[in-house]
file work_10.pdb (PDB, C-alpha atoms and all ligand atoms)
ATOM      1  CA  MET A1104      61.732  88.512  79.671
ATOM      2  CA  GLN A1105      64.211  89.503  76.996
ATOM      3  CA  VAL A1106      66.947  92.104  76.949
ATOM      4  CA  ALA A1107      65.613  95.209  75.159
ATOM      5  CA  ASN A1108      65.717  98.971  75.445
ATOM      6  CA  ASN A1109      64.512 100.178  78.836
ATOM      7  CA  THR A1110      65.217  96.935  80.620
ATOM      8  CA  ILE A1111      67.624  96.654  83.554
ATOM      9  CA  VAL A1112      70.051  93.836  82.814
ATOM     10  CA  GLU A1113      72.286  92.113  85.366
ATOM     11  CA  ILE A1114      75.227  90.090  84.112
ATOM     12  CA  HIS A1115      78.182  88.191  85.452
ATOM     13  CA  TYR A1116      81.138  88.459  83.122
ATOM     14  CA  THR A1117      84.779  87.615  82.686
ATOM     15  CA  LEU A1118      86.873  89.672  80.292
ATOM     16  CA  LYS A1119      90.038  88.281  78.709
ATOM     17  CA  ASN A1120      92.449  89.502  76.069
ATOM     18  CA  ASP A1121      93.761  87.583  73.028
ATOM     19  CA  GLU A1122      96.417  85.984  75.245
ATOM     20  CA  GLY A1123      93.755  84.567  77.564
ATOM     21  CA  GLU A1124      94.724  86.759  80.511
ATOM     22  CA  THR A1125      91.815  87.825  82.696
ATOM     23  CA  LEU A1126      91.503  91.623  82.627
ATOM     24  CA  ASP A1127      88.339  91.992  84.648
ATOM     25  CA  SER A1128      85.635  89.839  86.163
ATOM     26  CA  SER A1129      82.503  90.234  88.233
ATOM     27  CA  GLU A1130      83.258  86.941  89.995
ATOM     28  CA  GLY A1131      82.894  87.311  93.741
ATOM     29  CA  ARG A1132      81.022  90.587  93.331
ATOM     30  CA  GLU A1133      77.425  91.587  92.713
ATOM     31  CA  PRO A1134      76.453  91.203  89.056
ATOM     32  CA  LEU A1135      76.952  94.276  86.884
ATOM     33  CA  ALA A1136      73.583  96.013  86.493
ATOM     34  CA  PHE A1137      72.879  98.558  83.766
ATOM     35  CA  LEU A1138      70.068 100.178  81.808
ATOM     36  CA  PHE A1139      70.112  98.531  78.382
ATOM     37  CA  GLY A1140      70.274 100.883  75.401
ATOM     38  CA  SER A1141      71.741 103.774  77.380
ATOM     39  CA  GLY A1142      75.299 103.286  76.162
ATOM     40  CA  SER A1143      76.537 102.575  79.679
ATOM     41  CA  ILE A1144      78.465  99.514  78.509
ATOM     42  CA  ILE A1145      80.602  99.216  75.379
ATOM     43  CA  SER A1146      78.599  98.998  72.162
ATOM     44  CA  GLY A1147      79.968  95.625  71.010
ATOM     45  CA  LEU A1148      78.793  93.924  74.190
ATOM     46  CA  GLU A1149      75.482  95.749  74.296
ATOM     47  CA  SER A1150      74.530  94.675  70.759
ATOM     48  CA  ALA A1151      75.452  91.037  71.496
ATOM     49  CA  LEU A1152      73.094  90.989  74.499
ATOM     50  CA  ASP A1153      70.098  92.376  72.606
ATOM     51  CA  GLY A1154      67.176  89.911  72.640
ATOM     52  CA  LYS A1155      68.858  87.460  75.029
ATOM     53  CA  SER A1156      67.076  86.051  78.110
ATOM     54  CA  ILE A1157      67.731  85.274  81.767
ATOM     55  CA  GLY A1158      69.988  82.228  82.067
ATOM     56  CA  ASP A1159      71.588  82.685  78.660
ATOM     57  CA  LYS A1160      75.366  82.338  78.558
ATOM     58  CA  LEU A1161      77.352  83.712  75.686
ATOM     59  CA  ASP A1162      80.900  84.279  74.527
ATOM     60  CA  VAL A1163      81.386  87.597  72.777
ATOM     61  CA  VAL A1164      84.449  88.837  70.919
ATOM     62  CA  VAL A1165      84.535  92.623  70.637
ATOM     63  CA  GLU A1166      86.915  94.392  68.258
ATOM     64  CA  PRO A1167      88.592  97.578  69.554
ATOM     65  CA  GLU A1168      86.355  99.736  67.318
ATOM     66  CA  ASP A1169      83.312  98.465  69.241
ATOM     67  CA  GLY A1170      85.151  98.363  72.554
ATOM     68  CA  TYR A1171      87.494 100.921  74.071
ATOM     69  CA  GLY A1172      88.618 102.314  70.724
ATOM     70  CA  VAL A1173      91.722 101.924  68.605
ATOM     71  CA  HIS A1174      95.045 103.045  70.009
ATOM     72  CA  GLN A1175      95.730 106.595  68.809
ATOM     73  CA  GLU A1176      99.351 107.644  68.458
ATOM     74  CA  THR A1177      98.329 111.308  68.753
ATOM     75  CA  ALA A1178      97.229 110.574  72.327
ATOM     76  CA  VAL A1179     100.801 109.571  73.232
ATOM     77  CA  GLN A1180     103.103 112.414  74.206
ATOM     78  CA  GLN A1181     106.656 112.851  75.378
ATOM     79  CA  VAL A1182     107.113 115.442  78.064
ATOM     80  CA  PRO A1183     110.269 116.673  79.810
ATOM     81  CA  ILE A1184     110.552 115.289  83.318
ATOM     82  CA  SER A1185     110.810 118.838  84.640
ATOM     83  CA  ALA A1186     107.065 119.160  83.966
ATOM     84  CA  PHE A1187     106.445 116.605  86.728
ATOM     85  CA  GLN A1188     108.033 118.506  89.593
ATOM     86  CA  GLY A1189     106.035 118.055  92.750
ATOM     87  CA  ILE A1190     104.997 114.483  91.909
ATOM     88  CA  ASP A1191     106.607 112.097  94.357
ATOM     89  CA  ASN A1192     107.838 108.757  93.171
ATOM     90  CA  LEU A1193     106.975 109.172  89.469
ATOM     91  CA  GLN A1194     106.885 105.718  87.902
ATOM     92  CA  VAL A1195     105.657 103.708  84.914
ATOM     93  CA  GLY A1196     102.018 102.706  85.281
ATOM     94  CA  MET A1197     101.089 105.759  87.348
ATOM     95  CA  GLN A1198      97.793 107.480  86.539
ATOM     96  CA  LEU A1199      97.891 111.260  86.386
ATOM     97  CA  GLN A1200      95.523 114.084  85.562
ATOM     98  CA  ALA A1201      96.889 116.150  82.673
ATOM     99  CA  GLN A1202      95.881 119.725  82.020
ATOM    100  CA  THR A1203      95.249 120.144  78.272
ATOM    101  CA  GLU A1204      93.477 122.602  75.968
ATOM    102  CA  ARG A1205      90.483 120.256  76.186
ATOM    103  CA  GLY A1206      90.430 120.256  79.972
ATOM    104  CA  VAL A1207      91.747 117.787  82.520
ATOM    105  CA  ILE A1208      92.124 114.255  81.152
ATOM    106  CA  PRO A1209      93.434 111.050  82.761
ATOM    107  CA  VAL A1210      96.753 109.782  81.389
ATOM    108  CA  ARG A1211      99.086 106.906  82.196
ATOM    109  CA  VAL A1212     102.851 107.074  82.438
ATOM    110  CA  THR A1213     104.088 104.416  79.995
ATOM    111  CA  ALA A1214     107.832 105.097  79.935
ATOM    112  CA  ILE A1215     110.497 107.135  81.703
ATOM    113  CA  GLU A1216     113.810 107.430  79.889
ATOM    114  CA  ASN A1217     116.509 109.822  81.002
ATOM    115  CA  ASP A1218     114.750 113.168  81.208
ATOM    116  CA  THR A1219     111.757 112.258  79.067
ATOM    117  CA  VAL A1220     108.426 110.916  80.285
ATOM    118  CA  THR A1221     105.954 109.255  77.898
ATOM    119  CA  ILE A1222     102.314 109.728  78.798
ATOM    120  CA  ASP A1223      99.386 108.013  77.085
ATOM    121  CA  ALA A1224      95.818 109.327  77.132
ATOM    122  CA  ASN A1225      94.408 106.249  75.383
ATOM    123  CA  HIS A1226      92.136 104.050  77.478
ATOM    124  CA  ALA A1227      94.219 101.225  78.978
ATOM    125  CA  LEU A1228      92.193  98.778  76.837
ATOM    126  CA  ALA A1229      92.366 100.796  73.596
ATOM    127  CA  GLY A1230      93.481  98.567  70.721
ATOM    128  CA  VAL A1231      92.686  95.407  72.679
ATOM    129  CA  ARG A1232      90.345  92.750  71.278
ATOM    130  CA  LEU A1233      88.002  91.835  74.140
ATOM    131  CA  HIS A1234      86.783  88.313  74.891
ATOM    132  CA  PHE A1235      83.771  88.312  77.184
ATOM    133  CA  ALA A1236      82.140  85.287  78.797
ATOM    134  CA  VAL A1237      78.767  86.547  79.959
ATOM    135  CA  SER A1238      75.844  85.029  81.848
ATOM    136  CA  ILE A1239      72.584  86.903  82.096
ATOM    137  CA  GLU A1240      71.475  86.814  85.717
ATOM    138  CA  ASN A1241      68.403  88.996  85.563
ATOM    139  CA  VAL A1242      66.330  91.129  83.192
ATOM    140  CA  ARG A1243      63.543  93.408  84.375
ATOM    141  CA  GLU A1244      61.582  96.407  83.164
ATOM    142  CA  ALA A1245      63.191  99.719  84.111
ATOM    143  CA  THR A1246      61.091 101.931  86.360
ATOM    144  CA  ASP A1247      59.925 105.241  84.847
ATOM    145  CA  GLU A1248      62.412 106.980  87.094
ATOM    146  CA  GLU A1249      65.320 104.804  85.944
ATOM    147  CA  ALA A1250      64.348 105.251  82.289
ATOM    148  CA  SER A1251      64.176 109.042  82.633
ATOM    149  CA  HIS A1252      67.466 109.237  84.581
ATOM    150  CA  GLY A1253      69.244 106.950  82.106
ATOM    151  CA  HIS A1254      70.688 104.644  84.755
ATOM    152  CA  THR A1255      69.786 101.868  87.164
ATOM    153  CA  HIS A1256      68.833 102.537  90.785
TER     154      HIS A1256
HETATM  155 ZN    ZN A1301      68.738 108.346  89.046
END

call {"tool": "encode", "arguments": {"input": "work_10.pdb", "output": "structure tokens"}}
result
Amino acid sequence: MQVANNTIVEIHYTLKNDEGETLDSSEGREPLAFLFGSGSIISGLESALDGKSIGDKLDVVVEPEDGYGVHQETAVQQVPISAFQGIDNLQVGMQLQAQTERGVIPVRVTAIENDTVTIDANHALAGVRLHFAVSIENVREATDEEASHGHTH
């Protein structure tokens, strides 16, 4: 059976950056299962898996445009530290929920200098070229229920 729309695909994967550092891996966990064609994984990986079969192993390089997006400077903001009153132990790397005109969005604290805090609403992997090593563990037809819900059960 081949990977196609409305199949449930299970993969093991390891994700590295250009420097060869491992960013994420399914090793030691259940394989990642998803409904193919539903956009539940990044587009660059999904298109590389199309038509592949159980047992196939592949190395896929995904550019930021087809991954977690390019890094957008407009998503980086400097905010006075006084806006963070009530947050204990504010530090670089912290994830926060920011109230914006577009609703609540997750941001990361990327710098704290004097009385200014830099927050970044880009995805942590925005601008990163992604190197996936993937093995296809299983491919099966989605049930009608899975296909109509748009996800795997
Ligand atoms: Zn469901």

call {"tool": "atom_distance", "arguments": {"input": "work_10.pdb", "atom1": "atom CA of Ala1229 of chain A", "atom2": "atom CA of His1254 of chain A"}}
result
24.7 Å

call {"tool": "closest_residue", "arguments": {"input": "work_10.pdb", "among": "A:Ala1186, A:Ala1201, A:Ile1144, A:Ala1236", "to": "Leu1118 of chain A", "atoms": "all atoms listed in the file"}}
result
A:Ala1236

call {"tool": "closest_residue", "arguments": {"input": "work_10.pdb", "among": "A:Gly1142, A:Gly1154, A:Pro1134, A:Pro1209", "to": "Asp1169 of chain A", "atoms": "all atoms listed in the file"}}
result
A:Gly1142

call {"tool": "residues_near_ligand", "arguments": {"input": "work_10.pdb", "ligand": "ligand ZN 1301 (chain A)", "cutoff": "9 Å", "atoms": "only C-alpha atoms and all ligand atoms", "output": "ChimeraX atom specification"}}
result
/A:1248-1256

call {"tool": "resolve_selection", "arguments": {"input": "work_10.pdb", "expression": "the PyMOL selection byres (((chain A and resi 1194) around 12) and not hetatm)", "output": "list in words"}}
result
Ile1184, Phe1187, Ile1190, Asp1191, Asn1192, Leu1193, Val1195, Gly1196, Met1197, Gln1198, Leu1199, Arg1211, Val1212, Thr1213, Ala1214, Ile1215, Glu1216, Val1220, Thr1221 and Ile1222 of chain A

call {"tool": "closest_residue", "arguments": {"input": "work_10.pdb", "among": "A:Val1237, A:Gly1189, A:Ser1156, A:Thr1177", "to": "Ser1129 of chain A", "atoms": "all atoms listed in the file"}}
result
A:Val1237

call {"tool": "closest_residue", "arguments": {"input": "work_10.pdb", "among": "A:Ser1146, A:Glu1168, A:Asp1218, A:His1226", "to": "Gln1188 of chain A", "atoms": "all atoms listed in the file"}}
result
A:Asp1218

call {"tool": "closest_residue", "arguments": {"input": "work_10.pdb", "among": "A:Asn1109, A:Gln1175, A:Thr1203, A:Thr1125", "to": "Thr1246 of chain A", "atoms": "all atoms listed in the file"}}
result
A:Asn1109

call {"tool": "resolve_selection", "arguments": {"input": "work_10.pdb", "expression": "the PyMOL selection byres (((chain A and resi 1225) around 9) and not hetatm)", "output": "list in words"}}
result
Tyr1171, Gly1172, Val1173, His1174, Gln1175, Glu1176, Ala1178, Val1179, Pro1209, Val1210, Arg1211, Asp1223, Ala1224, His1226, Ala1227, Leu1228 and Ala1229 of chain A

call {"tool": "residues_near_point", "arguments": {"input": "work_10.pdb", "point": "(82.6, 94.9, 73.0)", "cutoff": "9 Å", "atoms": "only C-alpha atoms", "output": "compact mmCIF listing (two decimals) with C-alpha atoms, in the coordinates of the input"}}
result
# COMPACT_ATOMS: atom_id res chain seq x y z
CA ILE A 1144 78.46 99.51 78.51
CA ILE A 1145 80.60 99.22 75.38
CA SER A 1146 78.60 99.00 72.16
CA GLY A 1147 79.97 95.62 71.01
CA LEU A 1148 78.79 93.92 74.19
CA GLU A 1149 75.48 95.75 74.30
CA SER A 1150 74.53 94.68 70.76
CA ALA A 1151 75.45 91.04 71.50
CA VAL A 1163 81.39 87.60 72.78
CA VAL A 1164 84.45 88.84 70.92
CA VAL A 1165 84.54 92.62 70.64
CA GLU A 1166 86.92 94.39 68.26
CA PRO A 1167 88.59 97.58 69.55
CA GLU A 1168 86.36 99.74 67.32
CA ASP A 1169 83.31 98.46 69.24
CA GLY A 1170 85.15 98.36 72.55
CA TYR A 1171 87.49 100.92 74.07
CA ARG A 1232 90.34 92.75 71.28
CA LEU A 1233 88.00 91.84 74.14
CA HIS A 1234 86.78 88.31 74.89
CA PHE A 1235 83.77 88.31 77.18

call {"tool": "decode", "arguments": {"input": "work_10.pdb", "residues": "segment 1144-1247 of chain A", "atoms": "C-alpha atoms", "output": "compact mmCIF listing (two decimals), in the first residue's frame"}}
result
# COMPACT_ATOMS: atom_id res chain seq x y z
CA ILE A 1144 2.44 17.73 9.06
CA ILE A 1145 4.56 20.36 7.32
CA SER A 1146 4.02 20.54 3.57
CA GLY A 1147 7.63 19.83 2.56
CA LEU A 1148 7.63 16.52 4.41
CA GLU A 1149 4.14 15.57 3.29
CA SER A 1150 4.97 16.01 -0.41
CA ALA A 1151 8.17 13.95 -0.05
CA LEU A 1152 6.20 11.03 1.41
CA ASP A 1153 3.59 10.96 -1.36
CA GLY A 1154 3.60 7.60 -3.20
CA LYS A 1155 6.10 5.96 -0.83
CA SER A 1156 5.50 2.50 0.70
CA ILE A 1157 5.87 0.66 4.00
CA GLY A 1158 9.54 0.01 4.73
CA ASP A 1159 10.80 2.92 2.64
CA LYS A 1160 13.46 5.07 4.27
CA LEU A 1161 14.18 8.53 3.01
CA ASP A 1162 16.19 11.63 3.80
CA VAL A 1163 14.29 14.84 3.18
CA VAL A 1164 15.61 18.39 3.27
CA VAL A 1165 12.85 20.95 3.81
CA GLU A 1166 13.43 24.66 3.24
CA PRO A 1167 11.85 27.06 5.77
CA GLU A 1168 9.20 28.11 3.21
CA ASP A 1169 7.91 24.51 3.18
CA GLY A 1170 8.56 23.99 6.87
CA TYR A 1171 7.84 26.30 9.79
CA GLY A 1172 8.08 29.47 7.71
CA VAL A 1173 10.71 32.16 7.28
CA HIS A 1174 11.71 34.23 10.28
CA GLN A 1175 9.67 37.44 10.27
CA GLU A 1176 11.22 40.50 11.88
CA THR A 1177 7.75 42.01 12.37
CA ALA A 1178 6.99 39.16 14.78
CA VAL A 1179 9.84 40.30 17.05
CA GLN A 1180 8.98 43.02 19.53
CA GLN A 1181 10.68 44.92 22.30
CA VAL A 1182 8.55 45.53 25.33
CA PRO A 1183 9.30 47.40 28.56
CA ILE A 1184 9.92 45.02 31.44
CA SER A 1185 7.16 46.76 33.39
CA ALA A 1186 4.68 44.98 31.11
CA PHE A 1187 5.74 41.68 32.69
CA GLN A 1188 4.80 42.46 36.27
CA GLY A 1189 3.33 39.43 37.95
CA ILE A 1190 5.52 36.97 36.04
CA ASP A 1191 7.92 35.29 38.44
CA ASN A 1192 11.43 34.54 37.34
CA LEU A 1193 11.21 36.04 33.84
CA GLN A 1194 14.04 34.58 31.77
CA VAL A 1195 15.31 34.01 28.23
CA GLY A 1196 13.70 30.97 26.63
CA MET A 1197 10.45 31.31 28.57
CA GLN A 1198 7.21 30.74 26.65
CA LEU A 1199 4.44 33.24 27.31
CA GLN A 1200 0.95 33.94 26.03
CA ALA A 1201 0.76 37.46 24.60
CA GLN A 1202 -2.47 39.38 24.26
CA THR A 1203 -2.53 41.06 20.83
CA GLU A 1204 -5.10 42.61 18.49
CA ARG A 1205 -5.26 39.20 16.80
CA GLY A 1206 -5.95 37.34 20.03
CA VAL A 1207 -3.70 35.39 22.36
CA ILE A 1208 -0.55 34.07 20.67
CA PRO A 1209 2.42 32.10 22.04
CA VAL A 1210 5.71 34.02 22.18
CA ARG A 1211 9.22 33.27 23.42
CA VAL A 1212 11.42 35.57 25.44
CA THR A 1213 14.64 35.85 23.40
CA ALA A 1214 16.50 38.61 25.25
CA ILE A 1215 16.33 40.67 28.43
CA GLU A 1216 18.51 43.77 28.49
CA ASN A 1217 18.21 46.39 31.19
CA ASP A 1218 14.53 47.30 31.19
CA THR A 1219 13.71 45.91 27.76
CA VAL A 1220 12.41 42.44 26.97
CA THR A 1221 12.52 41.03 23.43
CA ILE A 1222 9.71 38.65 22.57
CA ASP A 1223 9.46 36.60 19.38
CA ALA A 1224 6.21 35.20 18.00
CA ASN A 1225 7.95 33.25 15.22
CA HIS A 1226 7.81 29.47 15.52
CA ALA A 1227 11.00 28.27 17.24
CA LEU A 1228 11.95 26.53 13.96
CA ALA A 1229 11.09 29.45 11.65
CA GLY A 1230 13.98 30.13 9.27
CA VAL A 1231 15.53 26.72 9.96
CA ARG A 1232 16.31 24.30 7.13
CA LEU A 1233 15.02 20.91 8.30
CA HIS A 1234 16.79 17.60 7.68
CA PHE A 1235 14.49 14.64 8.23
CA ALA A 1236 15.46 10.97 8.26
CA VAL A 1237 12.18 9.12 7.91
CA SER A 1238 11.16 5.47 7.85
CA ILE A 1239 7.64 4.51 6.89
CA GLU A 1240 6.38 2.03 9.46
CA ASN A 1241 2.82 1.58 8.31
CA VAL A 1242 0.31 2.77 5.71
CA ARG A 1243 -3.38 1.91 5.86
CA GLU A 1244 -6.67 3.16 4.48
CA ALA A 1245 -8.33 5.76 6.70
CA THR A 1246 -11.72 4.77 8.08
CA ASP A 1247 -14.69 6.85 6.87
